[in-house]
Amino acid sequence: MTAPYPRGDDPRKKPSAERAARRLATLARKWGYLVSTTAYLPHTPEEIERELAVLVGRLFEAVASDPPELGEAAAAGARLVELRCVGSDSLRRSLEVLGKALLREPELRRVDGLAERVVLVLGALSSGYGETLREDIQKRQEGLSRALLKVEQETRQKQVITRAQFEEVFAGSASGIALTELDGRVLRANAALAKTLQRTPAEIAAMTLFDLVHPDEVEQLREAYAELVAGRLHRLRVGRRLVGRDGEPMWATFAASVIRDAVGAPRQLITLVDDDTEVSLLQRRLSHQALHDVLTALPNRQFFSTRLENLLREADASRGVTLFHLDLDGFSQITGGLGQELGDKVLRGVAGKLKAVFEDEKALVARLGGDEFGVLVQNTEGTPGVLTLVRRITHELAEPDYVDGDHGVAVSASIGVVHRPPRDITPAELLRASDLTLRRVQRTGAQWGLFDRELDRRDRHDFGLAAAMAGAWENGEIEVGYRPLVAAVDGSVRGVEARLRWNHPAEGVLPHESCVRLAGETGLALPLGTWLLRTAVERVAAAGVGVPLTVELTAHQAADPELVGEIRAVLESTGLAPERLRPGFPSATLPADSGDAADNLKVLAEIGVAAEIHGFGDVTCLTEFPARTVRMAPRLVERRTHPLVDRTLTALVEAAHLAGAEVAVTGIDHADQRDWWRDRGADRLSGPLFTEVPGGLPGC
């Protein structure tokens, strides 16, 4: 019997052939399903079904052939292995499904000895399957053996390289390295560690790691290494003191880790030891330099501020502390005249003198910066009084120092003293109080002064206003106002004066004098004065006011080298005639000899600008400077009723008239004052008594 004819053969056998093909396809599908449940197949179900359909056809032919084609059956078994149908039950399932199907196939029933043929074919299938599977396993084992051998060779090579690298690092490292047992016994030590400890590697190998550490730190290091071995620390890095051969302590950094075996069990410890002795010394030196003044070796402001809190807390509660804040007088003259190098010697001398003054006291002497020094005394029963200590300071500083062998230099100092401040005061508040006290002493010209709570409150208030002045100016709170200057004889308006006015949201209106004083404390005197001059000229020119404009200059503005140029520019831009502008120069800026303010006044006179001299109290200025008007000094105006001042004022008015200058007086509040000055011959008056401002200009 033969296999069914394929499609297109004898028409008479076509129905039987089609049925046989469908049965074989069904067999292939069933076979593929059963095999796929026994092993992972790297193919899709459709691919397996096509491959097995081919094998089914071959096995059908092998059984039908006479004699049976056992070679084809063996090739079919080999193909199963190639398709990776190699699960533990793959062959058994294959034999079961094929045996049953071949024996029941209708087309094979008339073949003689069908059962024997099927057994032979399936046996050949099993033989081919087994032989191919054996060869495949052998080939894979050989490949695996070669791979393992290659890995082993590479591992050995890496071990050799790693060992060589370790030895190179161990021997050549600049850091000390110790290989130890888990209990700290040293197995090996490199030359760098031996050099650090001033011992030989053999001597170190006879010790434990903990024998190298200062006794005070052994237990801490043991606990740290125990944590490391237990796995609670991955790495250890700590700073410790070592002990050299001579017993001299050395600072070092320990960096340790655990060497584990293949299963992760700890076997040894490796520790890197870096000598930090020089680094530690350098750090201490840098720390000292950061907290001490390089020039005088005294503590600096940072150290002084840091120590204040502790000293305030440690001081006797009943006696407290006393803070002396010193600022050398005229130190810039010393450096300007003798040079910075000699100035530095003076500062070192002052530091030594202050230390000598307070050597018997519990005191901290510091240089706070520049030529400022601070001394904090913890008062005791035997501490002298404040006045005694101030006198000692001034006496000691007054002793000349021959800083260069030729020049005997003595200095004085302004001293602000805060005596027994509250214990809960902060260091910043204490320093601020002493600084404000010192500045008040300098303003008044005194030698020293005690902290006064009320004066301190007032100063803080003024400094707060001064600090806010720049923002107020930018926001338009500061304006220019005008007051009339009237003839003393008939009260007619003879001019206007521009003045500053600060419309403060909390303080109300601050007058011109307050604005000028606050501007002088914040560096705004020159820019604000220049703005006042330009704004006033522009407003008067625009209003068409026909009387002269007076603008009082600050001391900085009067001496400004740019003043003449500024006035020229504003006159040109506004069209105001030069004789209509009368800048007022403070008399204190006009010395008998030449100066910037004096030069400015003379140049302005040459271009037709008639300047005024304000604060007039000395007729000698009229012999040097061409002034159209002089304004009496306020201190004389306030004391006009004193018999001596009365005569002086009368003489000054006569002298001014003799020099061809008018006399102006400000601060007129009442009619009797007006009459008094009119009787003395004053020409122009101003003050709250006169309120009518010409040209619609805003008053002040």
# chains A, B, ... in the order shown; residues from 1 in each chain; ligands from 1
$ residues_around --residues "Pro400 (chain A)" --least-positions-apart "3" --cutoff "8 Å" --atoms "only C-alpha atoms" --output "PyMOL selection string"
chain A and resi 397+408-411
$ residues_around --residues "Asp401 (chain A)" --least-positions-apart "6" --cutoff "12 Å" --atoms "only C-alpha atoms" --output "VMD selection string"
chain A and resid 342 to 343 345 to 350 352 to 353 407 to 411
$ write_last_selection --atoms "N, CA, C and O atoms" --output "tab-separated table (two decimals), in the first residue's frame"
chain	number	residue	atom	x	y	z
A	342	LEU	N	54.74	102.53	59.93
A	342	LEU	CA	54.85	103.06	61.28
A	342	LEU	C	53.49	103.09	61.96
A	342	LEU	O	53.39	102.93	63.18
A	343	GLY	N	52.43	103.30	61.16
A	343	GLY	CA	51.09	103.22	61.72
A	343	GLY	C	50.80	101.85	62.29
A	343	GLY	O	50.18	101.72	63.36
A	345	LYS	N	53.04	99.84	63.52
A	345	LYS	CA	53.79	99.74	64.78
A	345	LYS	C	53.05	100.44	65.91
A	345	LYS	O	53.06	99.97	67.06
A	346	VAL	N	52.41	101.55	65.60
A	346	VAL	CA	51.62	102.25	66.62
A	346	VAL	C	50.48	101.35	67.11
A	346	VAL	O	50.21	101.26	68.31
A	347	LEU	N	49.80	100.69	66.18
A	347	LEU	CA	48.69	99.79	66.56
A	347	LEU	C	49.20	98.65	67.43
A	347	LEU	O	48.54	98.28	68.42
A	348	ARG	N	50.36	98.10	67.09
A	348	ARG	CA	50.92	97.04	67.94
A	348	ARG	C	51.27	97.58	69.33
A	348	ARG	O	51.10	96.90	70.34
A	349	GLY	N	51.77	98.82	69.35
A	349	GLY	CA	52.08	99.43	70.64
A	349	GLY	C	50.84	99.65	71.48
A	349	GLY	O	50.84	99.43	72.70
A	350	VAL	N	49.75	100.11	70.85
A	350	VAL	CA	48.49	100.30	71.57
A	350	VAL	C	47.99	98.98	72.13
A	350	VAL	O	47.52	98.91	73.28
A	352	GLY	N	49.77	96.40	73.02
A	352	GLY	CA	50.59	96.05	74.18
A	352	GLY	C	50.25	96.89	75.40
A	352	GLY	O	50.22	96.38	76.54
A	353	LYS	N	49.97	98.18	75.20
A	353	LYS	CA	49.63	99.05	76.32
A	353	LYS	C	48.30	98.65	76.95
A	353	LYS	O	48.14	98.66	78.18
A	407	HIS	N	60.93	109.23	65.93
A	407	HIS	CA	59.65	109.88	66.19
A	407	HIS	C	58.99	109.25	67.42
A	407	HIS	O	58.70	108.05	67.43
A	408	GLY	N	58.78	110.08	68.44
A	408	GLY	CA	58.04	109.63	69.61
A	408	GLY	C	56.56	109.90	69.39
A	408	GLY	O	56.13	111.05	69.37
A	409	VAL	N	55.79	108.85	69.17
A	409	VAL	CA	54.38	108.98	68.82
A	409	VAL	C	53.52	108.60	70.01
A	409	VAL	O	53.66	107.51	70.58
A	410	ALA	N	52.64	109.50	70.39
A	410	ALA	CA	51.65	109.23	71.43
A	410	ALA	C	50.27	109.38	70.81
A	410	ALA	O	50.07	110.15	69.87
A	411	VAL	N	49.32	108.65	71.33
A	411	VAL	CA	47.97	108.70	70.79
A	411	VAL	C	46.99	108.92	71.92
A	411	VAL	O	47.30	108.72	73.09
$ residues_around --residues "Trp677 (chain A)" --least-positions-apart "2" --cutoff "10 Å" --atoms "only C-alpha atoms" --output "list in words"
Ala488, Val489, Val637, Arg640, Leu649, Thr650, Val653, Val663, Ala664, Val665, Ile668, Asp672, Gln673, Arg674, Asp675, Asp679, Arg680, Gly681, Ala682, Asp683, Arg684 and Leu685 of chain A
$ residues_around --residues "region 369-373 of chain A" --least-positions-apart "3" --cutoff "7 Å" --atoms "only C-alpha atoms" --output "PyMOL selection string"
chain A and resi 325-328+366
$ closest_atom_pairs --of "region 482-508 of chain A" --to "region 528-541 of chain A" --cutoff "9 Å" --atoms "only C-alpha atoms" --output "Markdown table"
| residue | atom | partner | partner_atom | distance |
| --- | --- | --- | --- | --- |
| A:Tyr482 | CA | A:Ala536 | CA | 8.6 |
| A:Glu497 | CA | A:Ala536 | CA | 8.8 |
| A:Ala498 | CA | A:Ala536 | CA | 6.1 |
| A:Arg499 | CA | A:Leu532 | CA | 7.6 |
| A:Leu500 | CA | A:Leu532 | CA | 7.2 |
$ write_last_selection --atoms "all heavy atoms" --output "mmCIF file, in the first residue's frame"
data_model
loop_
_atom_site.group_PDB
_atom_site.id
_atom_site.type_symbol
_atom_site.label_atom_id
_atom_site.label_comp_id
_atom_site.auth_asym_id
_atom_site.auth_seq_id
_atom_site.Cartn_x
_atom_site.Cartn_y
_atom_site.Cartn_z
ATOM 1 N N TYR A 482 9.856 126.229 50.325
ATOM 2 C CA TYR A 482 10.470 127.570 50.255
ATOM 3 C C TYR A 482 9.944 128.428 51.396
ATOM 4 O O TYR A 482 8.802 128.283 51.844
ATOM 5 C CB TYR A 482 10.139 128.242 48.914
ATOM 6 C CG TYR A 482 10.604 127.417 47.717
ATOM 7 C CD1 TYR A 482 9.820 126.370 47.223
ATOM 8 C CD2 TYR A 482 11.817 127.677 47.118
ATOM 9 C CE1 TYR A 482 10.236 125.605 46.159
ATOM 10 C CE2 TYR A 482 12.253 126.921 46.032
ATOM 11 C CZ TYR A 482 11.458 125.885 45.557
ATOM 12 O OH TYR A 482 11.882 125.141 44.494
ATOM 13 N N GLU A 497 14.195 131.196 50.079
ATOM 14 C CA GLU A 497 15.230 130.200 50.404
ATOM 15 C C GLU A 497 14.643 128.796 50.242
ATOM 16 O O GLU A 497 13.550 128.508 50.739
ATOM 17 C CB GLU A 497 15.744 130.379 51.827
ATOM 18 C CG GLU A 497 16.841 129.379 52.184
ATOM 19 C CD GLU A 497 17.387 129.569 53.581
ATOM 20 O OE1 GLU A 497 16.878 130.449 54.309
ATOM 21 O OE2 GLU A 497 18.321 128.827 53.948
ATOM 22 N N ALA A 498 15.361 127.955 49.503
ATOM 23 C CA ALA A 498 14.922 126.564 49.301
ATOM 24 C C ALA A 498 15.396 125.710 50.467
ATOM 25 O O ALA A 498 16.555 125.799 50.891
ATOM 26 C CB ALA A 498 15.481 126.021 47.987
ATOM 27 N N ARG A 499 14.491 124.871 50.956
ATOM 28 C CA ARG A 499 14.813 124.028 52.110
ATOM 29 C C ARG A 499 14.204 122.632 51.912
ATOM 30 O O ARG A 499 13.199 122.475 51.221
ATOM 31 C CB ARG A 499 14.276 124.661 53.392
ATOM 32 C CG ARG A 499 14.958 125.973 53.752
ATOM 33 C CD ARG A 499 14.208 126.726 54.841
ATOM 34 N NE ARG A 499 14.142 125.985 56.098
ATOM 35 C CZ ARG A 499 15.130 125.929 56.989
ATOM 36 N NH1 ARG A 499 16.285 126.537 56.745
ATOM 37 N NH2 ARG A 499 14.981 125.259 58.112
ATOM 38 N N LEU A 500 14.833 121.645 52.514
ATOM 39 C CA LEU A 500 14.343 120.269 52.444
ATOM 40 C C LEU A 500 13.215 120.058 53.447
ATOM 41 O O LEU A 500 13.187 120.676 54.518
ATOM 42 C CB LEU A 500 15.478 119.286 52.727
ATOM 43 C CG LEU A 500 16.612 119.241 51.695
ATOM 44 C CD1 LEU A 500 17.768 118.404 52.231
ATOM 45 C CD2 LEU A 500 16.124 118.693 50.367
#
$ select_by_dssp --residues "region 354-595 of chain A" --states "strand (DSSP E)" --output "MDAnalysis selection string"
chainID A and resid 362:369 372:378 401:402 408:409 413:419 448:450 478:487 493:504 508:510 549:552 581:586
$ atom_distance --atom1 "CA of Gly99 (chain A)" --atom2 "CA of Pro45 (chain A)"
22.3 Å
$ atom_distance --atom1 "CA of Ser686 (chain A)" --atom2 "CA of Gly491 (chain A)"
10.0 Å
$ residues_around --residues "Leu80 (chain A)" --least-positions-apart "3" --cutoff "9 Å" --atoms "only C-alpha atoms" --output "PyMOL selection string"
chain A and resi 52+55+75-77+83-86+91+129
$ write_last_selection --atoms "all heavy atoms" --output "PDB file, in the first residue's frame"
ATOM      1  N   LEU A  52       6.194  19.386  12.157  1.00  0.00           N
ATOM      2  CA  LEU A  52       5.732  18.038  12.516  1.00  0.00           C
ATOM      3  C   LEU A  52       4.868  17.416  11.418  1.00  0.00           C
ATOM      4  O   LEU A  52       4.827  16.182  11.261  1.00  0.00           O
ATOM      5  CB  LEU A  52       4.964  18.082  13.830  1.00  0.00           C
ATOM      6  CG  LEU A  52       5.788  18.493  15.068  1.00  0.00           C
ATOM      7  CD1 LEU A  52       4.921  18.428  16.320  1.00  0.00           C
ATOM      8  CD2 LEU A  52       7.013  17.596  15.224  1.00  0.00           C
ATOM      9  N   LEU A  55       7.266  15.716   9.255  1.00  0.00           N
ATOM     10  CA  LEU A  55       7.769  14.473   9.851  1.00  0.00           C
ATOM     11  C   LEU A  55       6.709  13.373   9.821  1.00  0.00           C
ATOM     12  O   LEU A  55       7.029  12.189   9.625  1.00  0.00           O
ATOM     13  CB  LEU A  55       8.203  14.746  11.296  1.00  0.00           C
ATOM     14  CG  LEU A  55       9.382  15.709  11.482  1.00  0.00           C
ATOM     15  CD1 LEU A  55       9.741  15.818  12.956  1.00  0.00           C
ATOM     16  CD2 LEU A  55      10.586  15.259  10.676  1.00  0.00           C
ATOM     17  N   ALA A  75      16.068   9.955  10.871  1.00  0.00           N
ATOM     18  CA  ALA A  75      16.238  11.393  10.573  1.00  0.00           C
ATOM     19  C   ALA A  75      15.128  12.219  11.207  1.00  0.00           C
ATOM     20  O   ALA A  75      15.346  13.353  11.671  1.00  0.00           O
ATOM     21  CB  ALA A  75      16.263  11.601   9.064  1.00  0.00           C
ATOM     22  N   ALA A  76      13.899  11.625  11.245  1.00  0.00           N
ATOM     23  CA  ALA A  76      12.793  12.323  11.891  1.00  0.00           C
ATOM     24  C   ALA A  76      13.065  12.494  13.385  1.00  0.00           C
ATOM     25  O   ALA A  76      12.776  13.545  13.986  1.00  0.00           O
ATOM     26  CB  ALA A  76      11.493  11.573  11.666  1.00  0.00           C
ATOM     27  N   GLY A  77      13.631  11.464  14.035  1.00  0.00           N
ATOM     28  CA  GLY A  77      13.981  11.585  15.456  1.00  0.00           C
ATOM     29  C   GLY A  77      15.043  12.655  15.687  1.00  0.00           C
ATOM     30  O   GLY A  77      14.979  13.425  16.663  1.00  0.00           O
ATOM     31  N   LEU A  83      14.556  20.573  16.726  1.00  0.00           N
ATOM     32  CA  LEU A  83      13.460  21.480  17.057  1.00  0.00           C
ATOM     33  C   LEU A  83      13.363  21.738  18.550  1.00  0.00           C
ATOM     34  O   LEU A  83      12.469  22.467  18.982  1.00  0.00           O
ATOM     35  CB  LEU A  83      12.135  20.895  16.551  1.00  0.00           C
ATOM     36  CG  LEU A  83      11.987  20.796  15.030  1.00  0.00           C
ATOM     37  CD1 LEU A  83      10.687  20.085  14.675  1.00  0.00           C
ATOM     38  CD2 LEU A  83      12.013  22.176  14.399  1.00  0.00           C
ATOM     39  N   ARG A  84      14.248  21.162  19.348  1.00  0.00           N
ATOM     40  CA  ARG A  84      14.345  21.319  20.786  1.00  0.00           C
ATOM     41  C   ARG A  84      13.164  20.703  21.516  1.00  0.00           C
ATOM     42  O   ARG A  84      12.780  21.136  22.612  1.00  0.00           O
ATOM     43  CB  ARG A  84      14.469  22.796  21.214  1.00  0.00           C
ATOM     44  CG  ARG A  84      15.572  23.551  20.539  1.00  0.00           C
ATOM     45  CD  ARG A  84      16.921  22.826  20.578  1.00  0.00           C
ATOM     46  NE  ARG A  84      17.347  22.532  21.919  1.00  0.00           N
ATOM     47  CZ  ARG A  84      18.258  21.597  22.236  1.00  0.00           C
ATOM     48  NH1 ARG A  84      18.798  20.842  21.255  1.00  0.00           N
ATOM     49  NH2 ARG A  84      18.624  21.393  23.475  1.00  0.00           N
ATOM     50  N   CYS A  85      12.599  19.597  20.910  1.00  0.00           N
ATOM     51  CA  CYS A  85      11.565  18.831  21.597  1.00  0.00           C
ATOM     52  C   CYS A  85      12.270  17.808  22.472  1.00  0.00           C
ATOM     53  O   CYS A  85      12.225  16.585  22.218  1.00  0.00           O
ATOM     54  CB  CYS A  85      10.637  18.140  20.596  1.00  0.00           C
ATOM     55  SG  CYS A  85       9.798  19.290  19.514  1.00  0.00           S
ATOM     56  N   VAL A  86      12.949  18.286  23.500  1.00  0.00           N
ATOM     57  CA  VAL A  86      13.850  17.450  24.287  1.00  0.00           C
ATOM     58  C   VAL A  86      13.454  17.442  25.762  1.00  0.00           C
ATOM     59  O   VAL A  86      14.311  17.272  26.632  1.00  0.00           O
ATOM     60  CB  VAL A  86      15.310  17.928  24.115  1.00  0.00           C
ATOM     61  CG1 VAL A  86      15.801  17.679  22.712  1.00  0.00           C
ATOM     62  CG2 VAL A  86      15.439  19.413  24.470  1.00  0.00           C
ATOM     63  N   LEU A  91       9.826  12.460  24.099  1.00  0.00           N
ATOM     64  CA  LEU A  91       9.915  11.262  23.270  1.00  0.00           C
ATOM     65  C   LEU A  91       8.769  10.306  23.583  1.00  0.00           C
ATOM     66  O   LEU A  91       8.146   9.738  22.667  1.00  0.00           O
ATOM     67  CB  LEU A  91      11.263  10.571  23.487  1.00  0.00           C
ATOM     68  CG  LEU A  91      11.487   9.291  22.667  1.00  0.00           C
ATOM     69  CD1 LEU A  91      11.428   9.604  21.172  1.00  0.00           C
ATOM     70  CD2 LEU A  91      12.826   8.647  23.024  1.00  0.00           C
ATOM     71  N   TYR A 129      16.591   9.913  17.629  1.00  0.00           N
ATOM     72  CA  TYR A 129      16.369  10.934  18.668  1.00  0.00           C
ATOM     73  C   TYR A 129      17.446  10.833  19.749  1.00  0.00           C
ATOM     74  O   TYR A 129      18.074  11.831  20.133  1.00  0.00           O
ATOM     75  CB  TYR A 129      14.970  10.737  19.262  1.00  0.00           C
ATOM     76  CG  TYR A 129      14.601  11.726  20.347  1.00  0.00           C
ATOM     77  CD1 TYR A 129      13.907  12.888  20.036  1.00  0.00           C
ATOM     78  CD2 TYR A 129      14.937  11.491  21.683  1.00  0.00           C
ATOM     79  CE1 TYR A 129      13.542  13.788  21.027  1.00  0.00           C
ATOM     80  CE2 TYR A 129      14.591  12.393  22.679  1.00  0.00           C
ATOM     81  CZ  TYR A 129      13.882  13.543  22.351  1.00  0.00           C
ATOM     82  OH  TYR A 129      13.539  14.423  23.328  1.00  0.00           O
TER      83      TYR A 129
END
$ atom_distance --atom1 "CA of Phe304 (chain A)" --atom2 "CA of Ala428 (chain A)"
10.8 Å
$ closest_residue --among "A:Ala315, A:Met469, A:Ile478, A:Val56" --to "Pro422 (chain A)" --atoms "only C-alpha atoms"
A:Ala315
$ residues_around --residues "Asp89 (chain A)" --least-positions-apart "2" --cutoff "10 Å" --atoms "only C-alpha atoms" --output "list in words"
Leu34, Val35, Thr37, Thr38, Ala39, Cys85, Val86, Gly87, Leu91, Arg92, Arg93 and Ser94 of chain A
$ write_last_selection --atoms "all heavy atoms" --output "PDB file, in the first residue's frame"
ATOM      1  N   LEU A  34       0.947  18.148  22.275  1.00  0.00           N
ATOM      2  CA  LEU A  34       1.469  17.300  23.343  1.00  0.00           C
ATOM      3  C   LEU A  34       2.937  17.583  23.617  1.00  0.00           C
ATOM      4  O   LEU A  34       3.380  17.637  24.776  1.00  0.00           O
ATOM      5  CB  LEU A  34       1.256  15.823  22.985  1.00  0.00           C
ATOM      6  CG  LEU A  34      -0.204  15.355  22.954  1.00  0.00           C
ATOM      7  CD1 LEU A  34      -0.288  13.914  22.447  1.00  0.00           C
ATOM      8  CD2 LEU A  34      -0.823  15.454  24.334  1.00  0.00           C
ATOM      9  N   VAL A  35       3.725  17.778  22.569  1.00  0.00           N
ATOM     10  CA  VAL A  35       5.165  18.013  22.756  1.00  0.00           C
ATOM     11  C   VAL A  35       5.402  19.369  23.429  1.00  0.00           C
ATOM     12  O   VAL A  35       6.290  19.527  24.272  1.00  0.00           O
ATOM     13  CB  VAL A  35       5.903  17.927  21.399  1.00  0.00           C
ATOM     14  CG1 VAL A  35       7.334  18.410  21.546  1.00  0.00           C
ATOM     15  CG2 VAL A  35       5.896  16.498  20.893  1.00  0.00           C
ATOM     16  N   THR A  37       3.789  20.751  25.638  1.00  0.00           N
ATOM     17  CA  THR A  37       3.538  20.719  27.084  1.00  0.00           C
ATOM     18  C   THR A  37       4.676  20.078  27.849  1.00  0.00           C
ATOM     19  O   THR A  37       4.663  20.078  29.080  1.00  0.00           O
ATOM     20  CB  THR A  37       2.246  19.941  27.372  1.00  0.00           C
ATOM     21  OG1 THR A  37       2.378  18.584  26.905  1.00  0.00           O
ATOM     22  CG2 THR A  37       1.056  20.600  26.708  1.00  0.00           C
ATOM     23  N   THR A  38       5.648  19.517  27.140  1.00  0.00           N
ATOM     24  CA  THR A  38       6.748  18.810  27.811  1.00  0.00           C
ATOM     25  C   THR A  38       8.050  19.591  27.791  1.00  0.00           C
ATOM     26  O   THR A  38       8.991  19.221  28.508  1.00  0.00           O
ATOM     27  CB  THR A  38       6.983  17.447  27.137  1.00  0.00           C
ATOM     28  OG1 THR A  38       7.388  17.656  25.774  1.00  0.00           O
ATOM     29  CG2 THR A  38       5.721  16.608  27.165  1.00  0.00           C
ATOM     30  N   ALA A  39       8.151  20.626  26.966  1.00  0.00           N
ATOM     31  CA  ALA A  39       9.425  21.347  26.855  1.00  0.00           C
ATOM     32  C   ALA A  39       9.164  22.739  26.305  1.00  0.00           C
ATOM     33  O   ALA A  39       8.130  23.004  25.677  1.00  0.00           O
ATOM     34  CB  ALA A  39      10.396  20.579  25.945  1.00  0.00           C
ATOM     35  N   CYS A  85      12.599  19.597  20.910  1.00  0.00           N
ATOM     36  CA  CYS A  85      11.565  18.831  21.597  1.00  0.00           C
ATOM     37  C   CYS A  85      12.270  17.808  22.472  1.00  0.00           C
ATOM     38  O   CYS A  85      12.225  16.585  22.218  1.00  0.00           O
ATOM     39  CB  CYS A  85      10.637  18.140  20.596  1.00  0.00           C
ATOM     40  SG  CYS A  85       9.798  19.290  19.514  1.00  0.00           S
ATOM     41  N   VAL A  86      12.949  18.286  23.500  1.00  0.00           N
ATOM     42  CA  VAL A  86      13.850  17.450  24.287  1.00  0.00           C
ATOM     43  C   VAL A  86      13.454  17.442  25.762  1.00  0.00           C
ATOM     44  O   VAL A  86      14.311  17.272  26.632  1.00  0.00           O
ATOM     45  CB  VAL A  86      15.310  17.928  24.115  1.00  0.00           C
ATOM     46  CG1 VAL A  86      15.801  17.679  22.712  1.00  0.00           C
ATOM     47  CG2 VAL A  86      15.439  19.413  24.470  1.00  0.00           C
ATOM     48  N   GLY A  87      12.194  17.639  26.055  1.00  0.00           N
ATOM     49  CA  GLY A  87      11.757  17.550  27.433  1.00  0.00           C
ATOM     50  C   GLY A  87      11.824  16.124  27.926  1.00  0.00           C
ATOM     51  O   GLY A  87      12.008  15.163  27.150  1.00  0.00           O
ATOM     52  N   LEU A  91       9.826  12.460  24.099  1.00  0.00           N
ATOM     53  CA  LEU A  91       9.915  11.262  23.270  1.00  0.00           C
ATOM     54  C   LEU A  91       8.769  10.306  23.583  1.00  0.00           C
ATOM     55  O   LEU A  91       8.146   9.738  22.667  1.00  0.00           O
ATOM     56  CB  LEU A  91      11.263  10.571  23.487  1.00  0.00           C
ATOM     57  CG  LEU A  91      11.487   9.291  22.667  1.00  0.00           C
ATOM     58  CD1 LEU A  91      11.428   9.604  21.172  1.00  0.00           C
ATOM     59  CD2 LEU A  91      12.826   8.647  23.024  1.00  0.00           C
ATOM     60  N   ARG A  92       8.455  10.122  24.872  1.00  0.00           N
ATOM     61  CA  ARG A  92       7.393   9.194  25.237  1.00  0.00           C
ATOM     62  C   ARG A  92       6.070   9.652  24.654  1.00  0.00           C
ATOM     63  O   ARG A  92       5.322   8.863  24.080  1.00  0.00           O
ATOM     64  CB  ARG A  92       7.292   9.092  26.766  1.00  0.00           C
ATOM     65  CG  ARG A  92       6.186   8.139  27.250  1.00  0.00           C
ATOM     66  CD  ARG A  92       6.163   8.073  28.763  1.00  0.00           C
ATOM     67  NE  ARG A  92       5.849   9.359  29.361  1.00  0.00           N
ATOM     68  CZ  ARG A  92       4.605   9.839  29.442  1.00  0.00           C
ATOM     69  NH1 ARG A  92       3.582   9.153  28.985  1.00  0.00           N
ATOM     70  NH2 ARG A  92       4.391  11.023  30.010  1.00  0.00           N
ATOM     71  N   ARG A  93       5.735  10.931  24.791  1.00  0.00           N
ATOM     72  CA  ARG A  93       4.484  11.441  24.245  1.00  0.00           C
ATOM     73  C   ARG A  93       4.449  11.270  22.723  1.00  0.00           C
ATOM     74  O   ARG A  93       3.400  10.945  22.137  1.00  0.00           O
ATOM     75  CB  ARG A  93       4.320  12.919  24.613  1.00  0.00           C
ATOM     76  CG  ARG A  93       4.106  13.171  26.097  1.00  0.00           C
ATOM     77  CD  ARG A  93       2.702  12.811  26.503  1.00  0.00           C
ATOM     78  NE  ARG A  93       2.434  13.121  27.901  1.00  0.00           N
ATOM     79  CZ  ARG A  93       1.969  14.281  28.340  1.00  0.00           C
ATOM     80  NH1 ARG A  93       1.749  15.240  27.478  1.00  0.00           N
ATOM     81  NH2 ARG A  93       1.744  14.475  29.628  1.00  0.00           N
ATOM     82  N   SER A  94       5.610  11.506  22.089  1.00  0.00           N
ATOM     83  CA  SER A  94       5.673  11.376  20.627  1.00  0.00           C
ATOM     84  C   SER A  94       5.393   9.938  20.194  1.00  0.00           C
ATOM     85  O   SER A  94       4.635   9.685  19.235  1.00  0.00           O
ATOM     86  CB  SER A  94       7.045  11.829  20.116  1.00  0.00           C
ATOM     87  OG  SER A  94       7.273  13.194  20.422  1.00  0.00           O
TER      88      SER A  94
END
$ residues_around --residues "Leu269 (chain A)" --least-positions-apart "6" --cutoff "12 Å" --atoms "only C-alpha atoms" --output "ChimeraX atom specification"
/A:177-188,208-209,225-226,228-229,235-236,254-261
$ closest_residue --among "A:Trp502, A:Ser36, A:Lys355, A:Val603" --to "Thr296 (chain A)" --atoms "only C-alpha atoms"
A:Lys355
